[in-house]
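Shown here: coords35.txt, compact mmCIF, C-alpha atoms and all ligand atoms.
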```txt
# COMPACT_ATOMS: atom_id res chain seq x y z
CA MET A 129 7.32 1.21 -26.61
CA SER A 130 7.05 0.92 -22.87
CA ARG A 131 9.85 2.54 -20.91
CA ILE A 132 12.08 -0.08 -19.28
CA VAL A 133 13.74 0.58 -15.93
CA GLU A 134 17.06 -1.23 -15.64
CA VAL A 135 18.65 -1.98 -12.29
CA ARG A 136 22.02 -3.80 -12.24
CA GLY A 137 21.14 -5.41 -15.56
CA ILE A 138 17.63 -6.51 -14.48
CA ARG A 139 15.10 -5.01 -16.88
CA LEU A 140 11.82 -4.16 -15.18
CA GLY A 141 8.88 -3.92 -17.54
CA GLU A 142 10.22 -6.51 -19.96
CA GLY A 143 9.92 -10.29 -20.04
CA MET A 144 8.95 -12.32 -16.98
CA PRO A 145 7.78 -10.49 -13.88
CA LYS A 146 10.71 -10.14 -11.50
CA ILE A 147 10.81 -11.67 -8.02
CA CYS A 148 11.68 -9.62 -4.96
CA VAL A 149 12.36 -11.19 -1.57
CA PRO A 150 12.15 -9.05 1.60
CA LEU A 151 14.68 -9.07 4.45
CA THR A 152 12.81 -8.62 7.72
CA GLY A 153 15.49 -9.27 10.36
CA ARG A 154 15.43 -7.22 13.57
CA THR A 155 19.10 -7.59 14.43
CA ARG A 156 22.33 -7.41 12.45
CA GLU A 157 22.82 -11.13 13.10
CA GLU A 158 19.35 -12.03 11.77
CA LEU A 159 19.92 -9.85 8.72
CA ARG A 160 23.24 -11.53 8.01
CA GLU A 161 21.59 -14.96 8.13
CA GLU A 162 18.76 -13.79 5.87
CA ALA A 163 21.15 -12.20 3.37
CA GLU A 164 23.14 -15.43 3.23
CA LEU A 165 19.94 -17.38 2.63
CA LEU A 166 18.96 -14.99 -0.17
CA ARG A 167 22.22 -15.74 -1.96
CA THR A 168 20.98 -19.34 -2.34
CA ILE A 169 17.57 -18.40 -3.81
CA ASP A 170 16.59 -17.73 -7.42
CA LEU A 171 15.45 -14.09 -7.21
CA ASP A 172 15.88 -10.77 -9.00
CA PHE A 173 15.66 -8.23 -6.15
CA ALA A 174 16.06 -8.09 -2.38
CA GLU A 175 14.12 -5.56 -0.33
CA TRP A 176 15.45 -4.41 3.03
CA ARG A 177 12.39 -3.62 5.17
CA VAL A 178 14.27 -1.27 7.41
CA ASP A 179 11.19 -0.65 9.60
CA PHE A 180 11.80 -4.14 11.11
CA PHE A 181 15.36 -3.17 12.10
CA ALA A 182 15.67 -2.58 15.88
CA GLU A 183 18.25 0.18 15.34
CA VAL A 184 16.22 2.14 12.77
CA ASP A 185 16.27 5.28 14.93
CA SER A 186 20.01 5.62 14.39
CA ILE A 187 20.92 6.79 10.87
CA GLU A 188 24.52 5.74 11.49
CA ALA A 189 23.43 2.19 12.37
CA VAL A 190 21.13 2.02 9.32
CA LEU A 191 23.90 3.18 6.98
CA GLU A 192 26.38 0.72 8.46
CA GLU A 193 23.90 -2.12 8.04
CA LEU A 194 23.05 -1.00 4.53
CA ALA A 195 26.75 -1.15 3.59
CA GLU A 196 26.96 -4.59 5.20
CA LEU A 197 23.91 -5.87 3.28
CA ARG A 198 25.30 -4.44 0.06
CA SER A 199 28.45 -6.46 0.49
CA LEU A 200 26.64 -9.63 1.66
CA LEU A 201 24.22 -9.50 -1.29
CA GLY A 202 26.90 -9.10 -3.94
CA ASP A 203 25.26 -8.05 -7.18
CA ILE A 204 21.62 -8.59 -6.14
CA PRO A 205 19.69 -5.33 -6.71
CA LEU A 206 18.59 -3.91 -3.36
CA ILE A 207 15.38 -1.99 -2.59
CA PHE A 208 15.45 0.17 0.56
CA THR A 209 12.01 0.43 2.19
CA PHE A 210 10.84 2.03 5.39
CA ARG A 211 7.18 0.99 5.57
CA SER A 212 5.18 3.14 7.98
CA ALA A 213 2.76 1.54 10.46
CA ARG A 214 -0.18 3.31 8.85
CA GLU A 215 0.65 1.48 5.58
CA GLY A 216 1.21 -1.94 7.17
CA GLY A 217 4.77 -1.48 8.46
CA GLN A 218 6.26 -1.87 11.92
CA ARG A 219 6.52 1.73 13.12
CA GLU A 220 6.20 5.42 12.41
CA LEU A 221 8.89 8.06 11.94
CA THR A 222 8.43 11.82 11.88
CA ILE A 223 8.33 13.25 8.36
CA GLU A 224 11.76 14.81 8.99
CA ALA A 225 13.29 11.50 10.11
CA TYR A 226 11.63 9.61 7.22
CA THR A 227 12.91 12.11 4.66
CA ARG A 228 16.43 12.11 6.10
CA LEU A 229 16.54 8.30 6.22
CA ASN A 230 15.61 7.97 2.54
CA ARG A 231 17.91 10.81 1.46
CA GLU A 232 20.89 9.29 3.21
CA ALA A 233 20.13 5.79 1.96
CA ALA A 234 20.06 7.13 -1.61
CA ALA A 235 23.21 9.18 -1.13
CA SER A 236 25.09 6.17 0.29
CA GLY A 237 25.05 4.52 -3.13
CA HIS A 238 24.37 1.14 -1.47
CA ALA A 239 20.65 0.95 -2.29
CA ASP A 240 19.64 0.64 -5.93
CA VAL A 241 15.99 1.49 -5.40
CA ILE A 242 14.31 3.66 -2.75
CA ASP A 243 10.65 3.13 -1.82
CA ILE A 244 8.84 6.37 -1.01
CA GLU A 245 5.27 6.35 0.29
CA LEU A 246 2.86 8.30 -1.92
CA PHE A 247 0.96 9.80 0.99
CA THR A 248 4.02 11.38 2.59
CA GLY A 249 2.96 14.68 0.97
CA ASP A 250 3.25 15.73 -2.67
CA GLU A 251 6.03 18.26 -2.21
CA ILE A 252 8.23 15.89 -0.23
CA VAL A 253 7.61 13.00 -2.63
CA ARG A 254 8.50 15.25 -5.59
CA GLU A 255 11.72 16.33 -3.90
CA LEU A 256 12.67 12.80 -2.88
CA THR A 257 12.09 11.27 -6.32
CA ALA A 258 14.23 14.02 -7.88
CA GLU A 259 16.94 13.52 -5.31
CA VAL A 260 16.93 9.73 -5.72
CA ARG A 261 17.34 10.23 -9.46
CA ARG A 262 20.27 12.61 -8.94
CA THR A 263 22.08 9.92 -6.93
CA GLY A 264 21.64 7.46 -9.80
CA ALA A 265 19.14 5.30 -7.89
CA VAL A 266 15.58 4.42 -8.91
CA SER A 267 12.41 5.45 -7.05
CA ILE A 268 9.33 3.39 -6.26
CA VAL A 269 6.39 5.48 -5.07
CA SER A 270 4.08 3.20 -3.15
CA ASN A 271 0.72 3.01 -1.47
CA HIS A 272 -0.83 0.23 0.64
CA ASP A 273 -4.32 -0.34 1.90
CA PHE A 274 -4.45 -3.22 4.39
CA ASP A 275 -8.21 -2.85 4.97
CA ALA A 276 -9.84 -2.67 1.58
CA THR A 277 -9.52 -2.17 -2.17
CA PRO A 278 -10.31 1.38 -3.28
CA SER A 279 -12.41 1.89 -6.43
CA HIS A 280 -11.01 1.36 -9.94
CA GLU A 281 -10.83 5.13 -10.50
CA GLU A 282 -9.08 5.74 -7.19
CA LEU A 283 -6.49 3.01 -7.75
CA ALA A 284 -5.75 4.28 -11.26
CA SER A 285 -5.48 7.84 -10.03
CA ARG A 286 -3.00 6.87 -7.27
CA LEU A 287 -0.75 5.08 -9.76
CA ARG A 288 -0.88 8.03 -12.17
CA ARG A 289 -0.30 10.48 -9.34
CA ALA A 290 2.86 8.57 -8.33
CA HIS A 291 4.10 8.98 -11.91
CA GLY A 292 3.23 12.66 -11.83
CA LEU A 293 5.36 13.08 -8.69
CA GLY A 294 8.38 11.65 -10.47
CA ALA A 295 8.20 7.95 -9.61
CA ASP A 296 10.21 5.65 -11.83
CA ILE A 297 7.93 2.85 -10.64
CA PRO A 298 4.49 3.37 -9.04
CA LYS A 299 3.42 0.53 -6.73
CA ILE A 300 0.15 -0.34 -5.04
CA ALA A 301 -0.82 -3.16 -2.64
CA VAL A 302 -4.42 -3.53 -1.50
CA MET A 303 -6.59 -5.89 0.53
CA PRO A 304 -9.43 -7.69 -1.27
CA ARG A 305 -12.74 -8.05 0.56
CA HIS A 306 -14.09 -10.37 -2.15
CA PRO A 307 -12.80 -11.85 -5.45
CA GLY A 308 -14.24 -8.92 -7.41
CA ASP A 309 -11.69 -6.66 -5.70
CA VAL A 310 -8.88 -8.77 -7.18
CA LEU A 311 -10.41 -8.31 -10.64
CA THR A 312 -10.53 -4.55 -10.02
CA LEU A 313 -6.84 -4.49 -9.12
CA LEU A 314 -5.93 -6.53 -12.21
CA ALA A 315 -8.11 -4.40 -14.49
CA VAL A 316 -6.45 -1.21 -13.22
CA THR A 317 -3.04 -2.83 -13.67
CA TYR A 318 -3.88 -3.60 -17.28
CA GLU A 319 -5.29 -0.12 -17.94
CA VAL A 320 -2.43 1.86 -16.40
CA SER A 321 0.38 -0.38 -17.70
CA SER A 322 -1.11 -0.06 -21.21
CA GLU A 323 -0.48 3.70 -21.04
CA GLU A 324 3.22 2.74 -21.30
CA GLN A 325 4.58 5.33 -18.92
CA GLY A 326 6.99 2.73 -17.51
CA PRO A 327 6.78 -0.29 -15.22
CA ILE A 328 4.26 -0.50 -12.40
CA ILE A 329 3.97 -2.98 -9.52
CA THR A 330 0.59 -4.05 -8.14
CA MET A 331 -0.74 -6.75 -5.90
CA SER A 332 -3.84 -7.82 -4.09
CA MET A 333 -2.94 -9.26 -0.68
CA ASP A 334 -4.02 -12.20 1.44
CA LYS A 335 -5.20 -15.62 0.28
CA ALA A 336 -7.82 -14.20 -2.09
CA GLY A 337 -5.19 -12.04 -3.78
CA VAL A 338 -2.55 -14.73 -4.40
CA ILE A 339 -3.68 -15.04 -8.02
CA SER A 340 -2.48 -11.44 -8.55
CA ARG A 341 0.96 -12.32 -7.18
CA VAL A 342 1.40 -15.14 -9.69
CA ALA A 343 -0.54 -13.82 -12.71
CA GLY A 344 -0.15 -10.03 -12.27
CA GLY A 345 2.52 -10.05 -14.97
CA THR A 346 -0.09 -11.00 -17.56
CA PHE A 347 -1.85 -7.70 -16.83
CA GLY A 348 1.26 -5.54 -16.62
CA SER A 349 2.72 -5.80 -13.11
CA ALA A 350 6.50 -5.86 -13.42
CA LEU A 351 7.47 -7.44 -10.10
CA THR A 352 6.06 -9.74 -7.44
CA PHE A 353 7.11 -10.35 -3.83
CA GLY A 354 7.91 -13.83 -2.52
CA ALA A 355 9.17 -14.87 0.92
CA ALA A 356 12.41 -16.54 1.98
CA LYS A 357 12.22 -16.82 5.76
CA ASN A 358 9.35 -14.52 6.75
CA ALA A 359 6.65 -12.97 4.60
CA SER A 360 6.49 -9.16 4.82
CA ALA A 361 2.81 -9.02 3.83
CA PRO A 362 -0.12 -11.48 3.76
CA GLY A 363 -0.39 -13.74 0.75
CA GLN A 364 3.27 -13.92 -0.25
CA LEU A 365 4.23 -17.39 -1.49
CA ALA A 366 7.62 -18.96 -0.87
CA ALA A 367 10.01 -17.50 -3.45
CA ALA A 368 11.00 -20.93 -4.85
CA GLU A 369 7.35 -21.91 -5.31
CA LEU A 370 6.61 -18.54 -6.92
CA LYS A 371 9.52 -19.00 -9.34
CA GLY A 372 8.17 -22.42 -10.38
CA ILE A 373 4.74 -20.94 -11.13
CA LEU A 374 6.20 -17.97 -13.02
CA ASN A 375 8.29 -20.36 -15.11
CA ALA A 376 5.17 -22.36 -15.93
CA LEU A 377 3.22 -19.23 -16.85
CA TYR A 378 5.84 -17.17 -18.69
CA THR A 379 8.48 -19.38 -20.30
O1 LIG B 401 5.08 -2.80 -0.95
C1 LIG B 401 5.41 -3.95 -0.77
C2 LIG B 401 4.55 -5.02 -1.19
C3 LIG B 401 4.19 -5.91 -0.02
O2 LIG B 401 3.34 -5.17 0.83
C4 LIG B 401 3.39 -7.11 -0.54
O3 LIG B 401 2.17 -7.10 -0.40
O4 LIG B 401 4.00 -8.05 -1.06
C5 LIG B 401 5.44 -6.35 0.68
C6 LIG B 401 6.30 -5.19 1.14
O5 LIG B 401 7.50 -5.68 1.74
C7 LIG B 401 6.63 -4.31 -0.01
O6 LIG B 401 7.29 -3.14 0.43
```
Could you write out this file's structure as structure tokens?
Amino acid sequence: MSRIVEVRGIRLGEGMPKICVPLTGRTREELREEAELLRTIDLDFAEWRVDFFAEVDSIEAVLEELAELRSLLGDIPLIFTFRSAREGGQRELTIEAYTRLNREAAASGHADVIDIELFTGDEIVRELTAEVRRTGAVSIVSNHDFDATPSHEELASRLRRAHGLGADIPKIAVMPRHPGDVLTLLAVTYEVSSEEQGPIITMSMDKAGVISRVAGGTFGSALTFGAAKNASAPGQLAAAELKGILNALYT
């Protein structure tokens, strides 16, 4: 039996793929409006893309906003993600600042899931996944390639490596150069999810990859990202549209 990861009653790795909607506001005001909008949408997870937040350099400001989002979102499970510029995010932090940010977010108890980038360095990733687990939160260990799709072997090895470093949920997002790249991503998803080490999340980006965002669940991807106000990556469909397609495919 595949290991299920449960977050606030949402069971990842079982049933329909779950929908996650990112919050990409730059100011507290924009984030409040986005969080209120999310309350009106049919979704399973919200992701705070904290790299968009103008005050990200201040841990105090981030923790205050995280507490605010927690209360605005009610019971919606919240993923905390600082996406580095080299993996498609808005900015870079030093390793020390990145580590501290994720540690404190986990310790606050306001984020249910913490996204840690695989290529931060094995030792740090191992420590962070263990620490996230100690706080009772769940870890995603992620990798993004906005230029290309690595080979089948490389993609599979990154997902397995994330597991090996303690990830509850390995995640990979890659850019297709041609439709065959999307097939590669889906084939790897099927292969690695069949090993039943727990849920994984995969997607192929951009227009050519949209099929993976709607049908990835068939091949073993446990969650897919859809947009409310702004997409956080190319190829995301509107969350409501995504939900309609998932209902047609999986119910
Ligand atoms: O890792 C991911 C996946 C993503 O890049 C996507 O392609 O939908 C969107 C990001 O916000 C998220 O952190």
One-decimal distance in Å that lies between atom CA of Gly294 of chain A and atom CA of Leu256 of chain A |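 Spanning atom CA of Leu256 of chain A to atom CA of Gly294 of chain A is a straight-line distance of 8.8 Å.
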Name all residues at most 12 Å from Glu157 of chain A (count only C-alpha atoms; drop same-chain ones fewer than 3 positions away) and give them as a PDB file with C-alpha atoms, in the frame of the given file.
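Just written: result.pdb:
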```
ATOM      1  CA  THR A 152      12.810  -8.620   7.720  1.00  0.00           C
ATOM      2  CA  GLY A 153      15.490  -9.270  10.360  1.00  0.00           C
ATOM      3  CA  ARG A 154      15.430  -7.220  13.570  1.00  0.00           C
ATOM      4  CA  ARG A 160      23.240 -11.530   8.010  1.00  0.00           C
ATOM      5  CA  GLU A 161      21.590 -14.960   8.130  1.00  0.00           C
ATOM      6  CA  GLU A 162      18.760 -13.790   5.870  1.00  0.00           C
ATOM      7  CA  ALA A 163      21.150 -12.200   3.370  1.00  0.00           C
ATOM      8  CA  GLU A 164      23.140 -15.430   3.230  1.00  0.00           C
ATOM      9  CA  PHE A 181      15.360  -3.170  12.100  1.00  0.00           C
ATOM     10  CA  ALA A 182      15.670  -2.580  15.880  1.00  0.00           C
ATOM     11  CA  GLU A 193      23.900  -2.120   8.040  1.00  0.00           C
ATOM     12  CA  GLU A 196      26.960  -4.590   5.200  1.00  0.00           C
ATOM     13  CA  LEU A 197      23.910  -5.870   3.280  1.00  0.00           C
TER      14      LEU A 197
END
```
Go ahead and find all residues with at least one atom no further than 9 Å from (12.5, 4.1, -10.5) in the file's coordinates, using only C-alpha atoms; report them as a ChimeraX atom specification.
-> /A:133-135,241-243,257,260-261,265-269,294-298,327
Neighbour list for Lys371 of chain A as a list in words, cut-off 12 Å, all atoms listed in the file, skip fewer than 5 positions in-chain =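 Here the qualifying residues turn out to be Met144, Pro145, Lys146, Ile147, Cys148, Val149, Ile169, Asp170, Leu171, Asp172, Arg341, Val342, Ala343, Leu351, Thr352, Phe353, Gly354, Ala355, Ala356, Leu365, Ala366, Ala376, Leu377, Tyr378 and Thr379 of chain A.
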Selection near Ala301 of chain A, 12 Å with only C-alpha atoms, sequence-local residues under 6 positions removed, as a ChimeraX atom specification = /A:215-216,245,269-278,283,286-287,309-310,313-314,317,328-334,337-338,340-341,344,349,351-353,361-364
Pick the closest to ligand LIG 401 (chain B) from A:Arg131, A:Arg198, A:His291, A:Lys299: which is it, counting all atoms listed in the file?
->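 With all atoms listed in the file as the atom set, the closest residue is A:Lys299.
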So which residues touch Arg211 of chain A within 8 Å, counting only C-alpha atoms, skipping near sequence neighbours fewer than 6 positions away, as a list in words?
->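 Those residues are Arg177, Val178, Asp179, Gly217, Gln218, Arg219 and Glu245 of chain A.
Atom to atom, atom CA of Phe210 of chain A and atom CA of Leu159 of chain A stand 15.3 Å apart.
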Where atoms are missing, can you supply N, CA and C atoms for segment 247-272 of chain A and output the lot as a JSON list (two decimals), keeping the file's coordinate frame?
```json
[["chain", "number", "residue", "atom", "x", "y", "z"],
["A", 247, "PHE", "N", 1.70, 8.87, 0.14],
["A", 247, "PHE", "CA", 0.96, 9.80, 0.99],
["A", 247, "PHE", "C", 1.84, 10.51, 2.02],
["A", 248, "THR", "N", 3.13, 10.61, 1.71],
["A", 248, "THR", "CA", 4.02, 11.38, 2.59],
["A", 248, "THR", "C", 3.77, 12.88, 2.40],
["A", 249, "GLY", "N", 3.17, 13.25, 1.29],
["A", 249, "GLY", "CA", 2.96, 14.68, 0.97],
["A", 249, "GLY", "C", 3.59, 14.95, -0.38],
["A", 250, "ASP", "N", 2.81, 15.58, -1.27],
["A", 250, "ASP", "CA", 3.25, 15.73, -2.67],
["A", 250, "ASP", "C", 4.61, 16.41, -2.81],
["A", 251, "GLU", "N", 4.79, 17.49, -2.06],
["A", 251, "GLU", "CA", 6.03, 18.26, -2.21],
["A", 251, "GLU", "C", 7.25, 17.42, -1.84],
["A", 252, "ILE", "N", 7.11, 16.71, -0.71],
["A", 252, "ILE", "CA", 8.23, 15.89, -0.23],
["A", 252, "ILE", "C", 8.50, 14.74, -1.21],
["A", 253, "VAL", "N", 7.42, 14.12, -1.70],
["A", 253, "VAL", "CA", 7.61, 13.00, -2.63],
["A", 253, "VAL", "C", 8.31, 13.50, -3.90],
["A", 254, "ARG", "N", 7.88, 14.69, -4.38],
["A", 254, "ARG", "CA", 8.50, 15.25, -5.59],
["A", 254, "ARG", "C", 10.00, 15.49, -5.38],
["A", 255, "GLU", "N", 10.31, 16.06, -4.21],
["A", 255, "GLU", "CA", 11.72, 16.33, -3.90],
["A", 255, "GLU", "C", 12.53, 15.05, -3.78],
["A", 256, "LEU", "N", 11.93, 14.05, -3.09],
["A", 256, "LEU", "CA", 12.67, 12.80, -2.88],
["A", 256, "LEU", "C", 12.90, 12.04, -4.19],
["A", 257, "THR", "N", 11.88, 12.00, -5.06],
["A", 257, "THR", "CA", 12.09, 11.27, -6.32],
["A", 257, "THR", "C", 13.19, 11.95, -7.14],
["A", 258, "ALA", "N", 13.20, 13.30, -7.11],
["A", 258, "ALA", "CA", 14.23, 14.02, -7.88],
["A", 258, "ALA", "C", 15.61, 13.75, -7.28],
["A", 259, "GLU", "N", 15.66, 13.74, -5.96],
["A", 259, "GLU", "CA", 16.94, 13.52, -5.31],
["A", 259, "GLU", "C", 17.46, 12.09, -5.54],
["A", 260, "VAL", "N", 16.54, 11.13, -5.47],
["A", 260, "VAL", "CA", 16.93, 9.73, -5.72],
["A", 260, "VAL", "C", 17.51, 9.62, -7.14],
["A", 261, "ARG", "N", 16.86, 10.28, -8.08],
["A", 261, "ARG", "CA", 17.34, 10.23, -9.46],
["A", 261, "ARG", "C", 18.73, 10.84, -9.59],
["A", 262, "ARG", "N", 18.95, 11.96, -8.89],
["A", 262, "ARG", "CA", 20.27, 12.61, -8.94],
["A", 262, "ARG", "C", 21.39, 11.69, -8.44],
["A", 263, "THR", "N", 21.05, 10.82, -7.47],
["A", 263, "THR", "CA", 22.08, 9.92, -6.93],
["A", 263, "THR", "C", 22.32, 8.73, -7.85],
["A", 264, "GLY", "N", 21.47, 8.59, -8.88],
["A", 264, "GLY", "CA", 21.64, 7.46, -9.80],
["A", 264, "GLY", "C", 20.79, 6.26, -9.39],
["A", 265, "ALA", "N", 20.01, 6.40, -8.30],
["A", 265, "ALA", "CA", 19.14, 5.30, -7.89],
["A", 265, "ALA", "C", 17.77, 5.45, -8.55],
["A", 266, "VAL", "N", 16.91, 4.48, -8.30],
["A", 266, "VAL", "CA", 15.58, 4.42, -8.91],
["A", 266, "VAL", "C", 14.54, 4.59, -7.79],
["A", 267, "SER", "N", 13.43, 5.28, -8.09],
["A", 267, "SER", "CA", 12.41, 5.45, -7.05],
["A", 267, "SER", "C", 11.18, 4.60, -7.34],
["A", 268, "ILE", "N", 10.68, 3.97, -6.25],
["A", 268, "ILE", "CA", 9.33, 3.39, -6.26],
["A", 268, "ILE", "C", 8.49, 4.36, -5.45],
["A", 269, "VAL", "N", 7.30, 4.70, -5.91],
["A", 269, "VAL", "CA", 6.39, 5.48, -5.07],
["A", 269, "VAL", "C", 5.19, 4.58, -4.80],
["A", 270, "SER", "N", 4.98, 4.29, -3.50],
["A", 270, "SER", "CA", 4.08, 3.20, -3.15],
["A", 270, "SER", "C", 2.90, 3.64, -2.30],
["A", 271, "ASN", "N", 1.87, 2.81, -2.34],
["A", 271, "ASN", "CA", 0.72, 3.01, -1.47],
["A", 271, "ASN", "C", 0.14, 1.64, -1.11],
["A", 272, "HIS", "N", -0.31, 1.51, 0.13],
["A", 272, "HIS", "CA", -0.83, 0.23, 0.64],
["A", 272, "HIS", "C", -2.12, 0.46, 1.38]]
```
